[in-house]
>>> print(open('entry_4.cif').read())   # mmCIF, N, CA, C and O atoms
data_data
#
loop_
_atom_site.label_atom_id
_atom_site.label_comp_id
_atom_site.auth_asym_id
_atom_site.auth_seq_id
_atom_site.Cartn_x
_atom_site.Cartn_y
_atom_site.Cartn_z
N MET A 1 -3.65 20.44 5.46
CA MET A 1 -3.12 19.59 4.41
C MET A 1 -3.54 20.18 3.07
O MET A 1 -4.69 20.51 2.87
N GLU A 2 -2.62 20.30 2.19
CA GLU A 2 -2.90 20.86 0.87
C GLU A 2 -3.24 19.75 -0.12
O GLU A 2 -2.85 18.60 0.05
N LYS A 3 -3.93 20.12 -1.17
CA LYS A 3 -4.27 19.18 -2.24
C LYS A 3 -3.00 18.58 -2.83
O LYS A 3 -2.94 17.40 -3.16
N ARG A 4 -1.97 19.37 -2.91
CA ARG A 4 -0.68 18.92 -3.43
C ARG A 4 -0.14 17.75 -2.60
O ARG A 4 0.45 16.82 -3.13
N THR A 5 -0.39 17.78 -1.30
CA THR A 5 0.03 16.70 -0.42
C THR A 5 -0.67 15.41 -0.77
O THR A 5 -0.06 14.34 -0.81
N LEU A 6 -1.97 15.48 -1.05
CA LEU A 6 -2.72 14.31 -1.45
C LEU A 6 -2.18 13.73 -2.75
O LEU A 6 -2.04 12.51 -2.89
N ASP A 7 -1.84 14.60 -3.68
CA ASP A 7 -1.26 14.14 -4.95
C ASP A 7 0.07 13.43 -4.72
O ASP A 7 0.36 12.41 -5.35
N ARG A 8 0.87 13.95 -3.82
CA ARG A 8 2.16 13.33 -3.51
C ARG A 8 1.95 11.97 -2.83
O ARG A 8 2.67 11.01 -3.11
N LEU A 9 0.99 11.91 -1.92
CA LEU A 9 0.69 10.64 -1.26
C LEU A 9 0.23 9.60 -2.28
O LEU A 9 0.65 8.44 -2.24
N SER A 10 -0.61 10.01 -3.19
CA SER A 10 -1.10 9.10 -4.22
C SER A 10 0.05 8.57 -5.07
O SER A 10 0.12 7.38 -5.37
N ALA A 11 0.95 9.45 -5.44
CA ALA A 11 2.11 9.04 -6.22
C ALA A 11 3.00 8.08 -5.43
O ALA A 11 3.51 7.10 -5.98
N ALA A 12 3.15 8.33 -4.15
CA ALA A 12 3.95 7.45 -3.30
C ALA A 12 3.31 6.07 -3.19
O ALA A 12 4.00 5.05 -3.26
N PHE A 13 1.98 6.02 -3.03
CA PHE A 13 1.28 4.74 -2.95
C PHE A 13 1.49 3.94 -4.22
O PHE A 13 1.75 2.74 -4.18
N LYS A 14 1.38 4.61 -5.35
CA LYS A 14 1.55 3.92 -6.64
C LYS A 14 2.98 3.40 -6.79
O LYS A 14 3.19 2.30 -7.30
N ALA A 15 3.95 4.18 -6.35
CA ALA A 15 5.35 3.75 -6.45
C ALA A 15 5.62 2.53 -5.58
O ALA A 15 6.28 1.59 -6.01
N VAL A 16 5.09 2.54 -4.37
CA VAL A 16 5.28 1.40 -3.47
C VAL A 16 4.61 0.17 -4.04
O VAL A 16 5.18 -0.92 -4.05
N GLU A 17 3.39 0.35 -4.54
CA GLU A 17 2.67 -0.77 -5.14
C GLU A 17 3.45 -1.37 -6.31
O GLU A 17 3.58 -2.58 -6.44
N LYS A 18 3.99 -0.50 -7.14
CA LYS A 18 4.77 -0.97 -8.30
C LYS A 18 6.02 -1.71 -7.85
O LYS A 18 6.36 -2.77 -8.38
N ASP A 19 6.71 -1.16 -6.86
CA ASP A 19 7.94 -1.77 -6.36
C ASP A 19 7.69 -3.15 -5.74
O ASP A 19 8.52 -4.04 -5.87
N LEU A 20 6.56 -3.31 -5.07
CA LEU A 20 6.28 -4.55 -4.36
C LEU A 20 5.52 -5.58 -5.18
O LEU A 20 5.49 -6.75 -4.82
N SER A 21 4.91 -5.17 -6.27
CA SER A 21 3.99 -6.06 -6.98
C SER A 21 4.63 -7.38 -7.42
O SER A 21 4.04 -8.45 -7.26
N GLU A 22 5.83 -7.33 -7.95
CA GLU A 22 6.49 -8.55 -8.42
C GLU A 22 6.77 -9.49 -7.25
O GLU A 22 6.53 -10.70 -7.34
N ARG A 23 7.26 -8.93 -6.15
CA ARG A 23 7.56 -9.76 -4.97
C ARG A 23 6.28 -10.33 -4.37
O ARG A 23 6.25 -11.50 -3.96
N VAL A 24 5.23 -9.54 -4.32
CA VAL A 24 3.96 -10.01 -3.78
C VAL A 24 3.42 -11.17 -4.61
O VAL A 24 2.96 -12.17 -4.07
N GLU A 25 3.51 -11.05 -5.92
CA GLU A 25 3.06 -12.13 -6.79
C GLU A 25 3.85 -13.41 -6.54
O GLU A 25 3.28 -14.50 -6.49
N GLU A 26 5.16 -13.26 -6.38
CA GLU A 26 6.01 -14.41 -6.11
C GLU A 26 5.63 -15.07 -4.78
O GLU A 26 5.47 -16.29 -4.70
N LEU A 27 5.47 -14.25 -3.74
CA LEU A 27 5.12 -14.79 -2.44
C LEU A 27 3.72 -15.39 -2.43
O LEU A 27 3.49 -16.43 -1.80
N ALA A 28 2.79 -14.77 -3.14
CA ALA A 28 1.43 -15.29 -3.22
C ALA A 28 1.41 -16.66 -3.88
O ALA A 28 0.71 -17.58 -3.43
N ALA A 29 2.17 -16.81 -4.95
CA ALA A 29 2.23 -18.09 -5.65
C ALA A 29 2.83 -19.17 -4.74
O ALA A 29 2.31 -20.29 -4.67
N LYS A 30 3.90 -18.82 -4.05
CA LYS A 30 4.51 -19.79 -3.13
C LYS A 30 3.56 -20.13 -1.99
O LYS A 30 3.50 -21.29 -1.56
N SER A 31 2.83 -19.14 -1.51
CA SER A 31 1.88 -19.38 -0.43
C SER A 31 0.77 -20.32 -0.89
O SER A 31 0.41 -21.27 -0.17
N SER A 32 0.25 -20.08 -2.07
CA SER A 32 -0.80 -20.94 -2.61
C SER A 32 -0.32 -22.37 -2.80
O SER A 32 -1.09 -23.32 -2.64
N ALA A 33 0.95 -22.51 -3.13
CA ALA A 33 1.54 -23.84 -3.33
C ALA A 33 2.02 -24.47 -2.02
O ALA A 33 2.48 -25.60 -2.00
N GLY A 34 1.90 -23.71 -0.92
CA GLY A 34 2.36 -24.21 0.37
C GLY A 34 3.87 -24.31 0.48
O GLY A 34 4.40 -25.15 1.20
N LYS A 35 4.58 -23.45 -0.23
CA LYS A 35 6.04 -23.53 -0.28
C LYS A 35 6.77 -22.32 0.31
O LYS A 35 7.92 -22.08 -0.01
N LEU A 36 6.10 -21.56 1.16
CA LEU A 36 6.75 -20.41 1.79
C LEU A 36 7.64 -20.86 2.95
O LEU A 36 7.23 -21.68 3.77
N SER A 37 8.84 -20.32 3.01
CA SER A 37 9.68 -20.55 4.19
C SER A 37 9.12 -19.66 5.31
O SER A 37 8.30 -18.78 5.08
N GLU A 38 9.59 -19.88 6.51
CA GLU A 38 9.15 -19.05 7.64
C GLU A 38 9.52 -17.58 7.41
O GLU A 38 8.74 -16.68 7.71
N LYS A 39 10.71 -17.36 6.87
CA LYS A 39 11.16 -15.99 6.59
C LYS A 39 10.26 -15.34 5.53
O LYS A 39 9.88 -14.19 5.66
N GLU A 40 9.92 -16.09 4.48
CA GLU A 40 9.05 -15.56 3.43
C GLU A 40 7.63 -15.31 3.96
O GLU A 40 6.99 -14.33 3.60
N ARG A 41 7.16 -16.20 4.83
CA ARG A 41 5.83 -16.02 5.42
C ARG A 41 5.78 -14.73 6.23
O ARG A 41 4.84 -13.95 6.13
N ALA A 42 6.82 -14.49 7.01
CA ALA A 42 6.89 -13.26 7.80
C ALA A 42 6.94 -12.04 6.89
O ALA A 42 6.28 -11.03 7.15
N GLU A 43 7.72 -12.12 5.82
CA GLU A 43 7.81 -11.02 4.86
C GLU A 43 6.45 -10.75 4.22
O GLU A 43 6.01 -9.61 4.12
N TYR A 44 5.79 -11.82 3.80
CA TYR A 44 4.47 -11.70 3.16
C TYR A 44 3.46 -11.06 4.12
O TYR A 44 2.71 -10.16 3.75
N GLU A 45 3.47 -11.51 5.36
CA GLU A 45 2.56 -10.93 6.36
C GLU A 45 2.84 -9.44 6.57
O GLU A 45 1.91 -8.64 6.69
N GLN A 46 4.12 -9.07 6.61
CA GLN A 46 4.47 -7.66 6.78
C GLN A 46 4.04 -6.82 5.58
O GLN A 46 3.55 -5.69 5.74
N ILE A 47 4.18 -7.36 4.39
CA ILE A 47 3.74 -6.64 3.19
C ILE A 47 2.24 -6.44 3.23
O ILE A 47 1.73 -5.35 2.91
N ILE A 48 1.50 -7.46 3.64
CA ILE A 48 0.05 -7.35 3.72
C ILE A 48 -0.36 -6.30 4.75
O ILE A 48 -1.22 -5.46 4.49
N LEU A 49 0.30 -6.32 5.91
CA LEU A 49 0.00 -5.30 6.93
C LEU A 49 0.34 -3.90 6.43
O LEU A 49 -0.42 -2.95 6.65
N PHE A 50 1.46 -3.77 5.76
CA PHE A 50 1.88 -2.49 5.20
C PHE A 50 0.87 -2.00 4.17
O PHE A 50 0.48 -0.83 4.15
N ASN A 51 0.42 -2.91 3.31
CA ASN A 51 -0.57 -2.56 2.30
C ASN A 51 -1.87 -2.11 2.95
O ASN A 51 -2.50 -1.14 2.50
N ASP A 52 -2.29 -2.80 4.00
CA ASP A 52 -3.50 -2.41 4.71
C ASP A 52 -3.36 -1.01 5.30
O ASP A 52 -4.28 -0.20 5.24
N LEU A 53 -2.20 -0.73 5.87
CA LEU A 53 -1.94 0.60 6.44
C LEU A 53 -1.98 1.67 5.36
O LEU A 53 -2.63 2.72 5.53
N LEU A 54 -1.33 1.42 4.24
CA LEU A 54 -1.34 2.40 3.15
C LEU A 54 -2.75 2.61 2.62
O LEU A 54 -3.14 3.75 2.33
N SER A 55 -3.52 1.55 2.50
CA SER A 55 -4.89 1.67 2.03
C SER A 55 -5.74 2.52 2.98
O SER A 55 -6.52 3.36 2.54
N THR A 56 -5.54 2.30 4.26
CA THR A 56 -6.27 3.09 5.27
C THR A 56 -5.89 4.56 5.17
O THR A 56 -6.76 5.44 5.20
N LEU A 57 -4.60 4.84 5.06
CA LEU A 57 -4.15 6.23 4.94
C LEU A 57 -4.70 6.88 3.69
O LEU A 57 -5.13 8.04 3.72
N LYS A 58 -4.71 6.14 2.59
CA LYS A 58 -5.23 6.68 1.34
C LYS A 58 -6.71 7.01 1.47
O LYS A 58 -7.16 8.08 1.05
N LEU A 59 -7.49 6.09 2.05
CA LEU A 59 -8.92 6.34 2.25
C LEU A 59 -9.16 7.55 3.13
O LEU A 59 -10.05 8.37 2.85
N GLN A 60 -8.39 7.67 4.20
CA GLN A 60 -8.55 8.82 5.10
C GLN A 60 -8.22 10.13 4.38
O GLN A 60 -8.92 11.13 4.56
N ALA A 61 -7.18 10.12 3.58
CA ALA A 61 -6.81 11.33 2.83
C ALA A 61 -7.92 11.67 1.82
O ALA A 61 -8.28 12.84 1.67
N GLU A 62 -8.45 10.66 1.14
CA GLU A 62 -9.52 10.91 0.17
C GLU A 62 -10.78 11.43 0.86
O GLU A 62 -11.44 12.35 0.36
N GLU A 63 -11.11 10.86 2.03
CA GLU A 63 -12.28 11.33 2.78
C GLU A 63 -12.08 12.77 3.24
O GLU A 63 -13.01 13.57 3.24
N TYR A 64 -10.86 13.10 3.63
CA TYR A 64 -10.56 14.45 4.08
C TYR A 64 -10.74 15.44 2.94
O TYR A 64 -11.31 16.52 3.11
N TRP A 65 -10.26 15.08 1.75
CA TRP A 65 -10.28 16.01 0.63
C TRP A 65 -11.58 16.02 -0.14
O TRP A 65 -11.92 17.02 -0.79
N SER A 66 -12.33 14.95 -0.12
CA SER A 66 -13.55 14.86 -0.94
C SER A 66 -14.50 16.05 -0.75
O SER A 66 -14.88 16.69 -1.73
N PRO A 67 -14.90 16.39 0.46
CA PRO A 67 -15.81 17.54 0.62
C PRO A 67 -15.14 18.87 0.31
O PRO A 67 -15.78 19.82 -0.13
N ARG A 68 -13.85 18.97 0.51
CA ARG A 68 -13.13 20.22 0.25
C ARG A 68 -12.97 20.50 -1.23
O ARG A 68 -13.00 21.63 -1.67
N ILE A 69 -12.78 19.43 -2.00
CA ILE A 69 -12.64 19.59 -3.46
C ILE A 69 -13.97 19.96 -4.09
O ILE A 69 -14.03 20.77 -5.00
N ALA A 70 -15.05 19.37 -3.57
CA ALA A 70 -16.38 19.63 -4.12
C ALA A 70 -16.84 21.06 -3.86
O ALA A 70 -17.68 21.59 -4.59
N SER A 71 -16.28 21.70 -2.84
CA SER A 71 -16.70 23.07 -2.49
C SER A 71 -16.23 24.09 -3.48
O SER A 71 -15.29 24.02 -4.13
#
>>> encode(input="entry_4.cif", output="structure tokens")
Amino acid sequence: MEKRTLDRLSAAFKAVEKDLSERVEELAAKSSAGKLSEKERAEYEQIILFNDLLSTLKLQAEEYWSPRIAS
């Protein structure tokens, strides 16, 4: 894996976060108010799982590159 790949992954994570942020805020507010439909609840759960997956991938990529960059 090249450093360039890590940079691309980072850019992709930021783009996904930006694209989803407005919807996540909307769903979070509805969830807090107890007003999520079943469809929205499923969507919210999927976004949370997706975010967890992306966070894990990002951490693994950073751990992979951290010692290599310091060398």
>>> closest_residue(input="entry_4.cif", among="A:Val24, A:Val16, A:Leu9, A:Leu36", to="A:Leu57", atoms="only C-alpha atoms")
A:Leu9
>>> closest_residue(input="entry_4.cif", among="A:Lys14, A:Glu63, A:Ser32, A:Arg23", to="A:Tyr44", atoms="all atoms listed in the file")
A:Arg23
>>> atom_distance(input="entry_4.cif", atom1="atom N of A:Ser55", atom2="atom CA of A:Phe13")
7.9 Å
>>> residues_around(input="entry_4.cif", residues="A:Leu27", least_positions_apart="2", cutoff="12 Å", atoms="only C-alpha atoms", output="MDAnalysis selection string")
chainID A and resid 20:25 29:48
>>> closest_residue(input="entry_4.cif", among="A:Ala28, A:Ala61, A:Leu49, A:Thr56", to="A:Arg8", atoms="only C-alpha atoms")
A:Ala61
>>> atom_distance(input="entry_4.cif", atom1="atom CA of A:Asp7", atom2="atom CA of A:Glu26")
29.5 Å
>>> axis_aligned_box(input="entry_4.cif", around="stretch 53-59 of chain A", padding_each_side="4 Å", output="JSON")
{"center_x": -5.7, "center_y": 3.8, "center_z": 3.7, "size_x": 16.7, "size_y": 17.1, "size_z": 13.4}
